[in-house]
Amino acid sequence: HRAFLVTDNLVYGNTSSPVQGPQVVSALALPWDSSWDDYHYGTGKGSYVCAGTQFWCGGIRVEFDDELELTSVYGDRNSYDNGLVLWDSSHTKHQRAEITGVDGKVLLLNTTWVWGATPPASIEYARADYPNMFIYSASGQLPAPQFTLPIISG
């Protein structure tokens with residue numbers, strides 16, 4: 001199907017057939033706010049995990065240039081290997097990212113960053129041998145490519 005879409009566009013000039021999946025644009029880290037309600041396994045408000053600790057609790061908005069759809073061959077997009085990894089600024093400490101959902105062109109993540117009180121510095125997607133790739137365009141069903149992107153604190 002993917003090869004057909006690219007061939008249809010490049011060879012036959014059908015510009016309505018996409019030639020690539022959604023491209024990542026930016027990543028923004030926002031500190032947790034009580035208006036988000038509980039999210040840290042039911043402990044967001046008055047959290048013993050996030051309040052007054054050395055952890056950073058918040059959300060990360062990863063924006064793409066096209067509407068998104070999440071798919072999974074395993075049926076569990078928040079599995080241990082969902083392809084999304086958060087890194088510190090020295091690129092030595094990492095942890096998996098947890099998906100909250102999709103809002104149009106934005107992939108929503110929540111995290112309790114256990115490596116310090118500042119947000120993670122970068123995010124990677126599908127940077128492994130034989131990665132699980134589940135981020136697709138909502139129109140055209142083409143996958144998002146691998147990426148590494150700095151996270152901007154908001």
# chains A, B, ... in the order shown; residues from 1 in each chain; ligands from 1
$ residues_around --residues "Phe4 in chain A" --least-positions-apart "4" --cutoff "12 Å" --atoms "only C-alpha atoms" --output "ChimeraX atom specification"
/A:8-12,14,17-19,140-142
$ write_last_selection --atoms "all heavy atoms" --output "PDB file, in the first residue's frame"
ATOM      1  N   ASP A   8       2.059   6.337  -7.064  1.00  0.00           N
ATOM      2  CA  ASP A   8       0.922   7.089  -7.586  1.00  0.00           C
ATOM      3  C   ASP A   8       1.232   8.580  -7.623  1.00  0.00           C
ATOM      4  O   ASP A   8       0.878   9.282  -8.574  1.00  0.00           O
ATOM      5  CB  ASP A   8      -0.315   6.813  -6.730  1.00  0.00           C
ATOM      6  CG  ASP A   8      -1.586   7.341  -7.341  1.00  0.00           C
ATOM      7  OD1 ASP A   8      -1.757   7.220  -8.575  1.00  0.00           O
ATOM      8  OD2 ASP A   8      -2.428   7.871  -6.578  1.00  0.00           O
ATOM      9  N   ASN A   9       1.924   9.076  -6.614  1.00  0.00           N
ATOM     10  CA  ASN A   9       2.260  10.494  -6.557  1.00  0.00           C
ATOM     11  C   ASN A   9       3.416  10.842  -7.484  1.00  0.00           C
ATOM     12  O   ASN A   9       3.308  11.747  -8.309  1.00  0.00           O
ATOM     13  CB  ASN A   9       2.611  10.883  -5.119  1.00  0.00           C
ATOM     14  CG  ASN A   9       2.902  12.363  -4.972  1.00  0.00           C
ATOM     15  OD1 ASN A   9       3.821  12.881  -5.583  1.00  0.00           O
ATOM     16  ND2 ASN A   9       2.120  13.036  -4.143  1.00  0.00           N
ATOM     17  N   LEU A  10       4.529  10.116  -7.359  1.00  0.00           N
ATOM     18  CA  LEU A  10       5.744  10.482  -8.093  1.00  0.00           C
ATOM     19  C   LEU A  10       5.708  10.120  -9.572  1.00  0.00           C
ATOM     20  O   LEU A  10       6.184  10.882 -10.407  1.00  0.00           O
ATOM     21  CB  LEU A  10       6.958   9.835  -7.432  1.00  0.00           C
ATOM     22  CG  LEU A  10       7.231  10.253  -5.986  1.00  0.00           C
ATOM     23  CD1 LEU A  10       8.418   9.499  -5.420  1.00  0.00           C
ATOM     24  CD2 LEU A  10       7.436  11.752  -5.883  1.00  0.00           C
ATOM     25  N   VAL A  11       5.140   8.974  -9.909  1.00  0.00           N
ATOM     26  CA  VAL A  11       5.132   8.529 -11.300  1.00  0.00           C
ATOM     27  C   VAL A  11       3.913   9.052 -12.049  1.00  0.00           C
ATOM     28  O   VAL A  11       4.022   9.544 -13.172  1.00  0.00           O
ATOM     29  CB  VAL A  11       5.202   6.985 -11.390  1.00  0.00           C
ATOM     30  CG1 VAL A  11       5.076   6.518 -12.830  1.00  0.00           C
ATOM     31  CG2 VAL A  11       6.498   6.479 -10.769  1.00  0.00           C
ATOM     32  N   TYR A  12       2.744   8.974 -11.408  1.00  0.00           N
ATOM     33  CA  TYR A  12       1.503   9.338 -12.105  1.00  0.00           C
ATOM     34  C   TYR A  12       1.016  10.755 -11.781  1.00  0.00           C
ATOM     35  O   TYR A  12      -0.001  11.194 -12.309  1.00  0.00           O
ATOM     36  CB  TYR A  12       0.415   8.321 -11.788  1.00  0.00           C
ATOM     37  CG  TYR A  12       0.787   6.940 -12.268  1.00  0.00           C
ATOM     38  CD1 TYR A  12       1.144   5.946 -11.374  1.00  0.00           C
ATOM     39  CD2 TYR A  12       0.828   6.644 -13.633  1.00  0.00           C
ATOM     40  CE1 TYR A  12       1.513   4.686 -11.818  1.00  0.00           C
ATOM     41  CE2 TYR A  12       1.194   5.390 -14.083  1.00  0.00           C
ATOM     42  CZ  TYR A  12       1.537   4.416 -13.173  1.00  0.00           C
ATOM     43  OH  TYR A  12       1.909   3.173 -13.624  1.00  0.00           O
ATOM     44  N   ASN A  14      -0.313  12.070  -9.098  1.00  0.00           N
ATOM     45  CA  ASN A  14      -1.489  12.233  -8.245  1.00  0.00           C
ATOM     46  C   ASN A  14      -1.041  12.846  -6.915  1.00  0.00           C
ATOM     47  O   ASN A  14      -0.607  12.150  -6.005  1.00  0.00           O
ATOM     48  CB  ASN A  14      -2.182  10.896  -8.011  1.00  0.00           C
ATOM     49  CG  ASN A  14      -3.443  11.046  -7.194  1.00  0.00           C
ATOM     50  OD1 ASN A  14      -3.795  12.142  -6.760  1.00  0.00           O
ATOM     51  ND2 ASN A  14      -4.120   9.934  -6.975  1.00  0.00           N
ATOM     52  N   SER A  17      -2.052  11.635  -3.267  1.00  0.00           N
ATOM     53  CA  SER A  17      -1.429  10.485  -2.614  1.00  0.00           C
ATOM     54  C   SER A  17      -0.186  10.961  -1.860  1.00  0.00           C
ATOM     55  O   SER A  17       0.720  11.527  -2.463  1.00  0.00           O
ATOM     56  CB  SER A  17      -1.024   9.426  -3.643  1.00  0.00           C
ATOM     57  OG  SER A  17      -2.147   8.809  -4.192  1.00  0.00           O
ATOM     58  N   PRO A  18      -0.138  10.735  -0.541  1.00  0.00           N
ATOM     59  CA  PRO A  18       1.019  11.213   0.229  1.00  0.00           C
ATOM     60  C   PRO A  18       2.274  10.399  -0.071  1.00  0.00           C
ATOM     61  O   PRO A  18       2.197   9.230  -0.428  1.00  0.00           O
ATOM     62  CB  PRO A  18       0.571  11.004   1.680  1.00  0.00           C
ATOM     63  CG  PRO A  18      -0.433   9.911   1.612  1.00  0.00           C
ATOM     64  CD  PRO A  18      -1.113  10.044   0.286  1.00  0.00           C
ATOM     65  N   VAL A  19       3.430  11.055   0.054  1.00  0.00           N
ATOM     66  CA  VAL A  19       4.701  10.361  -0.167  1.00  0.00           C
ATOM     67  C   VAL A  19       5.466  10.131   1.132  1.00  0.00           C
ATOM     68  O   VAL A  19       6.486   9.462   1.133  1.00  0.00           O
ATOM     69  CB  VAL A  19       5.611  11.116  -1.167  1.00  0.00           C
ATOM     70  CG1 VAL A  19       4.987  11.119  -2.550  1.00  0.00           C
ATOM     71  CG2 VAL A  19       5.896  12.517  -0.694  1.00  0.00           C
ATOM     72  N   GLY A 140      -4.063   8.497   4.843  1.00  0.00           N
ATOM     73  CA  GLY A 140      -3.029   7.882   4.038  1.00  0.00           C
ATOM     74  C   GLY A 140      -2.299   6.726   4.676  1.00  0.00           C
ATOM     75  O   GLY A 140      -1.647   5.957   4.001  1.00  0.00           O
ATOM     76  N   GLN A 141      -2.384   6.592   5.979  1.00  0.00           N
ATOM     77  CA  GLN A 141      -1.789   5.459   6.680  1.00  0.00           C
ATOM     78  C   GLN A 141      -0.297   5.257   6.424  1.00  0.00           C
ATOM     79  O   GLN A 141       0.172   4.139   6.253  1.00  0.00           O
ATOM     80  CB  GLN A 141      -2.557   4.185   6.357  1.00  0.00           C
ATOM     81  CG  GLN A 141      -3.920   4.133   7.001  1.00  0.00           C
ATOM     82  CD  GLN A 141      -3.817   4.177   8.516  1.00  0.00           C
ATOM     83  OE1 GLN A 141      -3.164   3.344   9.107  1.00  0.00           O
ATOM     84  NE2 GLN A 141      -4.444   5.151   9.135  1.00  0.00           N
ATOM     85  N   LEU A 142       0.459   6.346   6.403  1.00  0.00           N
ATOM     86  CA  LEU A 142       1.904   6.243   6.296  1.00  0.00           C
ATOM     87  C   LEU A 142       2.518   6.502   7.660  1.00  0.00           C
ATOM     88  O   LEU A 142       2.071   7.378   8.399  1.00  0.00           O
ATOM     89  CB  LEU A 142       2.447   7.238   5.271  1.00  0.00           C
ATOM     90  CG  LEU A 142       2.071   6.942   3.818  1.00  0.00           C
ATOM     91  CD1 LEU A 142       2.561   8.062   2.915  1.00  0.00           C
ATOM     92  CD2 LEU A 142       2.640   5.616   3.374  1.00  0.00           C
TER      93      LEU A 142
END
$ atom_distance --atom1 "CA of His91 in chain A" --atom2 "CA of Glu63 in chain A"
21.9 Å
$ residues_around --residues "range 94-104 of chain A" --least-positions-apart "5" --cutoff "12 Å" --atoms "only C-alpha atoms" --output "PDB file with N, CA and C atoms, in the first residue's frame"
ATOM      1  N   PRO A  22       3.637  11.551   8.797  1.00  0.00           N
ATOM      2  CA  PRO A  22       3.719  12.816   9.526  1.00  0.00           C
ATOM      3  C   PRO A  22       5.143  13.103   9.996  1.00  0.00           C
ATOM      4  N   TRP A  36      -5.241  19.597  35.240  1.00  0.00           N
ATOM      5  CA  TRP A  36      -5.160  18.352  34.482  1.00  0.00           C
ATOM      6  C   TRP A  36      -5.859  17.218  35.205  1.00  0.00           C
ATOM      7  N   TYR A  39      -3.497  12.164  37.180  1.00  0.00           N
ATOM      8  CA  TYR A  39      -2.996  11.385  36.047  1.00  0.00           C
ATOM      9  C   TYR A  39      -1.924  10.413  36.458  1.00  0.00           C
ATOM     10  N   HIS A  40      -1.202  10.700  37.525  1.00  0.00           N
ATOM     11  CA  HIS A  40      -0.086   9.831  37.903  1.00  0.00           C
ATOM     12  C   HIS A  40      -0.640   8.618  38.653  1.00  0.00           C
ATOM     13  N   TYR A  41      -1.233   7.707  37.882  1.00  0.00           N
ATOM     14  CA  TYR A  41      -1.866   6.521  38.447  1.00  0.00           C
ATOM     15  C   TYR A  41      -2.821   6.893  39.574  1.00  0.00           C
ATOM     16  N   GLY A  58       5.085  16.210  34.578  1.00  0.00           N
ATOM     17  CA  GLY A  58       4.480  17.099  33.605  1.00  0.00           C
ATOM     18  C   GLY A  58       4.055  16.398  32.339  1.00  0.00           C
ATOM     19  N   GLY A  59       3.709  17.201  31.379  1.00  0.00           N
ATOM     20  CA  GLY A  59       3.267  16.695  30.094  1.00  0.00           C
ATOM     21  C   GLY A  59       4.203  17.156  28.988  1.00  0.00           C
ATOM     22  N   ILE A  60       4.273  16.366  27.940  1.00  0.00           N
ATOM     23  CA  ILE A  60       5.078  16.721  26.776  1.00  0.00           C
ATOM     24  C   ILE A  60       4.169  16.661  25.559  1.00  0.00           C
ATOM     25  N   ARG A  61       4.135  17.753  24.826  1.00  0.00           N
ATOM     26  CA  ARG A  61       3.322  17.855  23.608  1.00  0.00           C
ATOM     27  C   ARG A  61       4.256  17.744  22.413  1.00  0.00           C
ATOM     28  N   VAL A  62       4.130  16.680  21.650  1.00  0.00           N
ATOM     29  CA  VAL A  62       4.953  16.477  20.459  1.00  0.00           C
ATOM     30  C   VAL A  62       4.078  16.786  19.252  1.00  0.00           C
ATOM     31  N   GLU A  63       4.427  17.863  18.543  1.00  0.00           N
ATOM     32  CA  GLU A  63       3.609  18.328  17.421  1.00  0.00           C
ATOM     33  C   GLU A  63       4.152  17.805  16.095  1.00  0.00           C
ATOM     34  N   PHE A  64       3.236  17.424  15.211  1.00  0.00           N
ATOM     35  CA  PHE A  64       3.562  16.929  13.873  1.00  0.00           C
ATOM     36  C   PHE A  64       2.933  17.841  12.831  1.00  0.00           C
ATOM     37  N   ASP A  65       3.281  17.627  11.558  1.00  0.00           N
ATOM     38  CA  ASP A  65       2.744  18.456  10.481  1.00  0.00           C
ATOM     39  C   ASP A  65       1.468  17.886   9.863  1.00  0.00           C
ATOM     40  N   ASP A  66       0.975  16.773  10.404  1.00  0.00           N
ATOM     41  CA  ASP A  66      -0.223  16.133   9.862  1.00  0.00           C
ATOM     42  C   ASP A  66      -1.010  15.508  11.012  1.00  0.00           C
ATOM     43  N   GLU A  67      -2.294  15.294  10.794  1.00  0.00           N
ATOM     44  CA  GLU A  67      -3.131  14.632  11.794  1.00  0.00           C
ATOM     45  C   GLU A  67      -2.589  13.227  12.068  1.00  0.00           C
ATOM     46  N   LEU A  68      -2.686  12.787  13.321  1.00  0.00           N
ATOM     47  CA  LEU A  68      -2.106  11.513  13.733  1.00  0.00           C
ATOM     48  C   LEU A  68      -3.147  10.456  14.045  1.00  0.00           C
ATOM     49  N   GLU A  69      -2.688   9.226  13.963  1.00  0.00           N
ATOM     50  CA  GLU A  69      -3.465   8.062  14.400  1.00  0.00           C
ATOM     51  C   GLU A  69      -2.467   7.091  15.031  1.00  0.00           C
ATOM     52  N   LEU A  70      -2.839   6.504  16.154  1.00  0.00           N
ATOM     53  CA  LEU A  70      -1.981   5.513  16.794  1.00  0.00           C
ATOM     54  C   LEU A  70      -2.461   4.122  16.426  1.00  0.00           C
ATOM     55  N   THR A  71      -1.538   3.287  16.025  1.00  0.00           N
ATOM     56  CA  THR A  71      -1.853   1.897  15.706  1.00  0.00           C
ATOM     57  C   THR A  71      -0.848   1.003  16.415  1.00  0.00           C
ATOM     58  N   ASP A  76      -1.260  -2.775  22.313  1.00  0.00           N
ATOM     59  CA  ASP A  76      -0.917  -2.076  23.541  1.00  0.00           C
ATOM     60  C   ASP A  76       0.098  -0.986  23.232  1.00  0.00           C
ATOM     61  N   ARG A  77      -0.376   0.229  22.988  1.00  0.00           N
ATOM     62  CA  ARG A  77       0.524   1.297  22.572  1.00  0.00           C
ATOM     63  C   ARG A  77       1.343   1.866  23.729  1.00  0.00           C
ATOM     64  N   ASN A  78       1.036   1.500  24.964  1.00  0.00           N
ATOM     65  CA  ASN A  78       1.838   1.942  26.099  1.00  0.00           C
ATOM     66  C   ASN A  78       2.663   0.804  26.657  1.00  0.00           C
ATOM     67  N   SER A  79       3.012  -0.139  25.809  1.00  0.00           N
ATOM     68  CA  SER A  79       3.849  -1.242  26.255  1.00  0.00           C
ATOM     69  C   SER A  79       5.235  -0.724  26.589  1.00  0.00           C
ATOM     70  N   TYR A  80       6.050  -1.564  27.165  1.00  0.00           N
ATOM     71  CA  TYR A  80       7.405  -1.153  27.543  1.00  0.00           C
ATOM     72  C   TYR A  80       8.166  -0.605  26.344  1.00  0.00           C
ATOM     73  N   ASP A  81       7.940  -1.158  25.182  1.00  0.00           N
ATOM     74  CA  ASP A  81       8.641  -0.680  23.990  1.00  0.00           C
ATOM     75  C   ASP A  81       7.666  -0.015  23.027  1.00  0.00           C
ATOM     76  N   ASN A  82       7.243   1.200  23.374  1.00  0.00           N
ATOM     77  CA  ASN A  82       6.362   1.932  22.467  1.00  0.00           C
ATOM     78  C   ASN A  82       7.151   2.813  21.505  1.00  0.00           C
ATOM     79  N   GLY A  83       8.487   2.730  21.551  1.00  0.00           N
ATOM     80  CA  GLY A  83       9.323   3.467  20.619  1.00  0.00           C
ATOM     81  C   GLY A  83       9.710   4.861  21.061  1.00  0.00           C
ATOM     82  N   LEU A  84       9.102   5.378  22.122  1.00  0.00           N
ATOM     83  CA  LEU A  84       9.372   6.738  22.593  1.00  0.00           C
ATOM     84  C   LEU A  84      10.270   6.708  23.831  1.00  0.00           C
ATOM     85  N   VAL A  85      11.414   7.383  23.746  1.00  0.00           N
ATOM     86  CA  VAL A  85      12.374   7.405  24.851  1.00  0.00           C
ATOM     87  C   VAL A  85      12.755   8.850  25.148  1.00  0.00           C
ATOM     88  N   LEU A  86      12.729   9.209  26.430  1.00  0.00           N
ATOM     89  CA  LEU A  86      13.142  10.532  26.897  1.00  0.00           C
ATOM     90  C   LEU A  86      14.587  10.454  27.388  1.00  0.00           C
ATOM     91  N   TRP A  87      15.367  11.513  27.123  1.00  0.00           N
ATOM     92  CA  TRP A  87      16.788  11.539  27.491  1.00  0.00           C
ATOM     93  C   TRP A  87      17.128  12.792  28.281  1.00  0.00           C
ATOM     94  N   ASP A  88      18.145  12.690  29.142  1.00  0.00           N
ATOM     95  CA  ASP A  88      18.672  13.865  29.829  1.00  0.00           C
ATOM     96  C   ASP A  88      19.616  14.618  28.886  1.00  0.00           C
ATOM     97  N   SER A  89      20.129  15.769  29.338  1.00  0.00           N
ATOM     98  CA  SER A  89      20.951  16.605  28.465  1.00  0.00           C
ATOM     99  C   SER A  89      22.293  15.977  28.112  1.00  0.00           C
ATOM    100  N   LEU A 109       1.952  13.254  25.916  1.00  0.00           N
ATOM    101  CA  LEU A 109       2.670  12.348  26.805  1.00  0.00           C
ATOM    102  C   LEU A 109       2.632  12.912  28.219  1.00  0.00           C
ATOM    103  N   ASN A 110       2.543  12.057  29.214  1.00  0.00           N
ATOM    104  CA  ASN A 110       2.708  12.444  30.604  1.00  0.00           C
ATOM    105  C   ASN A 110       3.901  11.701  31.143  1.00  0.00           C
ATOM    106  N   THR A 111       4.639  12.351  32.022  1.00  0.00           N
ATOM    107  CA  THR A 111       5.803  11.667  32.574  1.00  0.00           C
ATOM    108  C   THR A 111       6.105  12.138  33.981  1.00  0.00           C
ATOM    109  N   THR A 112       6.655  11.242  34.745  1.00  0.00           N
ATOM    110  CA  THR A 112       7.308  11.565  36.000  1.00  0.00           C
ATOM    111  C   THR A 112       8.779  11.285  35.725  1.00  0.00           C
ATOM    112  N   TRP A 113       9.511  12.338  35.427  1.00  0.00           N
ATOM    113  CA  TRP A 113      10.922  12.228  35.042  1.00  0.00           C
ATOM    114  C   TRP A 113      11.732  11.978  36.313  1.00  0.00           C
ATOM    115  N   VAL A 114      12.265  10.788  36.448  1.00  0.00           N
ATOM    116  CA  VAL A 114      12.933  10.384  37.688  1.00  0.00           C
ATOM    117  C   VAL A 114      14.395  10.797  37.755  1.00  0.00           C
ATOM    118  N   TRP A 115      14.898  11.454  36.715  1.00  0.00           N
ATOM    119  CA  TRP A 115      16.311  11.822  36.672  1.00  0.00           C
ATOM    120  C   TRP A 115      16.564  13.272  37.047  1.00  0.00           C
ATOM    121  N   GLY A 116      15.634  13.911  37.741  1.00  0.00           N
ATOM    122  CA  GLY A 116      15.872  15.269  38.200  1.00  0.00           C
ATOM    123  C   GLY A 116      14.618  16.111  38.220  1.00  0.00           C
ATOM    124  N   PRO A 119      12.789  19.111  33.305  1.00  0.00           N
ATOM    125  CA  PRO A 119      12.240  18.182  32.311  1.00  0.00           C
ATOM    126  C   PRO A 119      13.338  17.503  31.488  1.00  0.00           C
ATOM    127  N   PRO A 120      12.993  16.396  30.848  1.00  0.00           N
ATOM    128  CA  PRO A 120      13.958  15.740  29.963  1.00  0.00           C
ATOM    129  C   PRO A 120      14.383  16.694  28.846  1.00  0.00           C
ATOM    130  N   ALA A 121      15.581  16.451  28.284  1.00  0.00           N
ATOM    131  CA  ALA A 121      16.142  17.359  27.288  1.00  0.00           C
ATOM    132  C   ALA A 121      15.772  16.999  25.861  1.00  0.00           C
ATOM    133  N   SER A 122      15.541  15.708  25.593  1.00  0.00           N
ATOM    134  CA  SER A 122      15.215  15.305  24.220  1.00  0.00           C
ATOM    135  C   SER A 122      14.328  14.065  24.220  1.00  0.00           C
ATOM    136  N   ILE A 123      13.736  13.831  23.065  1.00  0.00           N
ATOM    137  CA  ILE A 123      12.875  12.662  22.880  1.00  0.00           C
ATOM    138  C   ILE A 123      13.291  11.963  21.582  1.00  0.00           C
ATOM    139  N   GLU A 124      13.270  10.655  21.626  1.00  0.00           N
ATOM    140  CA  GLU A 124      13.572   9.830  20.441  1.00  0.00           C
ATOM    141  C   GLU A 124      12.372   8.952  20.139  1.00  0.00           C
ATOM    142  N   TYR A 125      12.229   8.648  18.869  1.00  0.00           N
ATOM    143  CA  TYR A 125      11.183   7.728  18.432  1.00  0.00           C
ATOM    144  C   TYR A 125      11.777   6.723  17.454  1.00  0.00           C
ATOM    145  N   ALA A 126      11.554   5.458  17.716  1.00  0.00           N
ATOM    146  CA  ALA A 126      11.928   4.358  16.815  1.00  0.00           C
ATOM    147  C   ALA A 126      13.423   4.305  16.525  1.00  0.00           C
ATOM    148  N   PHE A 134       4.263   2.988  15.723  1.00  0.00           N
ATOM    149  CA  PHE A 134       2.799   3.021  15.809  1.00  0.00           C
ATOM    150  C   PHE A 134       2.206   4.388  15.512  1.00  0.00           C
ATOM    151  N   ILE A 135       3.027   5.402  15.235  1.00  0.00           N
ATOM    152  CA  ILE A 135       2.512   6.734  14.908  1.00  0.00           C
ATOM    153  C   ILE A 135       2.347   6.822  13.389  1.00  0.00           C
ATOM    154  N   TYR A 136       1.115   7.002  12.954  1.00  0.00           N
ATOM    155  CA  TYR A 136       0.781   7.056  11.521  1.00  0.00           C
ATOM    156  C   TYR A 136      -0.004   8.316  11.220  1.00  0.00           C
ATOM    157  N   SER A 137      -0.027   8.686   9.947  1.00  0.00           N
ATOM    158  CA  SER A 137      -0.886   9.788   9.519  1.00  0.00           C
ATOM    159  C   SER A 137      -2.323   9.301   9.535  1.00  0.00           C
ATOM    160  N   ALA A 138      -3.232  10.180   9.925  1.00  0.00           N
ATOM    161  CA  ALA A 138      -4.650   9.816   9.948  1.00  0.00           C
ATOM    162  C   ALA A 138      -5.181   9.652   8.524  1.00  0.00           C
ATOM    163  N   SER A 139      -4.598  10.401   7.582  1.00  0.00           N
ATOM    164  CA  SER A 139      -4.999  10.265   6.183  1.00  0.00           C
ATOM    165  C   SER A 139      -3.853   9.636   5.403  1.00  0.00           C
TER     166      SER A 139
END
$ atom_distance --atom1 "CA of Lys93 in chain A" --atom2 "CA of Val24 in chain A"
22.7 Å
$ residues_around --residues "Thr118 in chain A" --least-positions-apart "6" --cutoff "9 Å" --atoms "only C-alpha atoms" --output "ChimeraX atom specification"
/A:54-57,153
$ write_last_selection --atoms "N, CA and C atoms" --output "short mmCIF file (atom, residue, chain, number, x, y, z; two decimals), in the first residue's frame"
data_model
loop_
_atom_site.label_atom_id
_atom_site.label_comp_id
_atom_site.auth_asym_id
_atom_site.auth_seq_id
_atom_site.Cartn_x
_atom_site.Cartn_y
_atom_site.Cartn_z
N GLN A 54 12.31 15.29 44.14
CA GLN A 54 13.33 15.63 43.15
C GLN A 54 12.89 15.25 41.73
N PHE A 55 11.67 14.74 41.57
CA PHE A 55 11.17 14.35 40.25
C PHE A 55 10.51 15.53 39.56
N TRP A 56 10.51 15.50 38.22
CA TRP A 56 9.75 16.47 37.43
C TRP A 56 8.51 15.77 36.90
N CYS A 57 7.34 16.31 37.19
CA CYS A 57 6.09 15.74 36.71
C CYS A 57 5.46 16.72 35.73
N SER A 153 11.27 23.71 27.14
CA SER A 153 10.49 23.90 28.35
C SER A 153 9.57 25.08 28.20
#
$ atom_distance --atom1 "CA of Trp32 in chain A" --atom2 "CA of Leu108 in chain A"
12.8 Å
$ decode --residues "range 59-70 of chain A" --atoms "N, CA, C and O atoms" --output "PDB file, in the first residue's frame"
ATOM      1  N   GLY A  59       3.709  17.201  31.379  1.00  0.00           N
ATOM      2  CA  GLY A  59       3.267  16.695  30.094  1.00  0.00           C
ATOM      3  C   GLY A  59       4.203  17.156  28.988  1.00  0.00           C
ATOM      4  O   GLY A  59       4.849  18.197  29.099  1.00  0.00           O
ATOM      5  N   ILE A  60       4.273  16.366  27.940  1.00  0.00           N
ATOM      6  CA  ILE A  60       5.078  16.721  26.776  1.00  0.00           C
ATOM      7  C   ILE A  60       4.169  16.661  25.559  1.00  0.00           C
ATOM      8  O   ILE A  60       3.484  15.653  25.339  1.00  0.00           O
ATOM      9  N   ARG A  61       4.135  17.753  24.826  1.00  0.00           N
ATOM     10  CA  ARG A  61       3.322  17.855  23.608  1.00  0.00           C
ATOM     11  C   ARG A  61       4.256  17.744  22.413  1.00  0.00           C
ATOM     12  O   ARG A  61       5.079  18.632  22.205  1.00  0.00           O
ATOM     13  N   VAL A  62       4.130  16.680  21.650  1.00  0.00           N
ATOM     14  CA  VAL A  62       4.953  16.477  20.459  1.00  0.00           C
ATOM     15  C   VAL A  62       4.078  16.786  19.252  1.00  0.00           C
ATOM     16  O   VAL A  62       3.112  16.083  18.981  1.00  0.00           O
ATOM     17  N   GLU A  63       4.427  17.863  18.543  1.00  0.00           N
ATOM     18  CA  GLU A  63       3.609  18.328  17.421  1.00  0.00           C
ATOM     19  C   GLU A  63       4.152  17.805  16.095  1.00  0.00           C
ATOM     20  O   GLU A  63       5.363  17.776  15.875  1.00  0.00           O
ATOM     21  N   PHE A  64       3.236  17.424  15.211  1.00  0.00           N
ATOM     22  CA  PHE A  64       3.562  16.929  13.873  1.00  0.00           C
ATOM     23  C   PHE A  64       2.933  17.841  12.831  1.00  0.00           C
ATOM     24  O   PHE A  64       2.118  18.695  13.156  1.00  0.00           O
ATOM     25  N   ASP A  65       3.281  17.627  11.558  1.00  0.00           N
ATOM     26  CA  ASP A  65       2.744  18.456  10.481  1.00  0.00           C
ATOM     27  C   ASP A  65       1.468  17.886   9.863  1.00  0.00           C
ATOM     28  O   ASP A  65       0.947  18.425   8.899  1.00  0.00           O
ATOM     29  N   ASP A  66       0.975  16.773  10.404  1.00  0.00           N
ATOM     30  CA  ASP A  66      -0.223  16.133   9.862  1.00  0.00           C
ATOM     31  C   ASP A  66      -1.010  15.508  11.012  1.00  0.00           C
ATOM     32  O   ASP A  66      -0.450  15.221  12.072  1.00  0.00           O
ATOM     33  N   GLU A  67      -2.294  15.294  10.794  1.00  0.00           N
ATOM     34  CA  GLU A  67      -3.131  14.632  11.794  1.00  0.00           C
ATOM     35  C   GLU A  67      -2.589  13.227  12.068  1.00  0.00           C
ATOM     36  O   GLU A  67      -2.115  12.555  11.151  1.00  0.00           O
ATOM     37  N   LEU A  68      -2.686  12.787  13.321  1.00  0.00           N
ATOM     38  CA  LEU A  68      -2.106  11.513  13.733  1.00  0.00           C
ATOM     39  C   LEU A  68      -3.147  10.456  14.045  1.00  0.00           C
ATOM     40  O   LEU A  68      -4.288  10.754  14.384  1.00  0.00           O
ATOM     41  N   GLU A  69      -2.688   9.226  13.963  1.00  0.00           N
ATOM     42  CA  GLU A  69      -3.465   8.062  14.400  1.00  0.00           C
ATOM     43  C   GLU A  69      -2.467   7.091  15.031  1.00  0.00           C
ATOM     44  O   GLU A  69      -1.376   6.889  14.506  1.00  0.00           O
ATOM     45  N   LEU A  70      -2.839   6.504  16.154  1.00  0.00           N
ATOM     46  CA  LEU A  70      -1.981   5.513  16.794  1.00  0.00           C
ATOM     47  C   LEU A  70      -2.461   4.122  16.426  1.00  0.00           C
ATOM     48  O   LEU A  70      -3.648   3.829  16.499  1.00  0.00           O
TER      49      LEU A  70
END
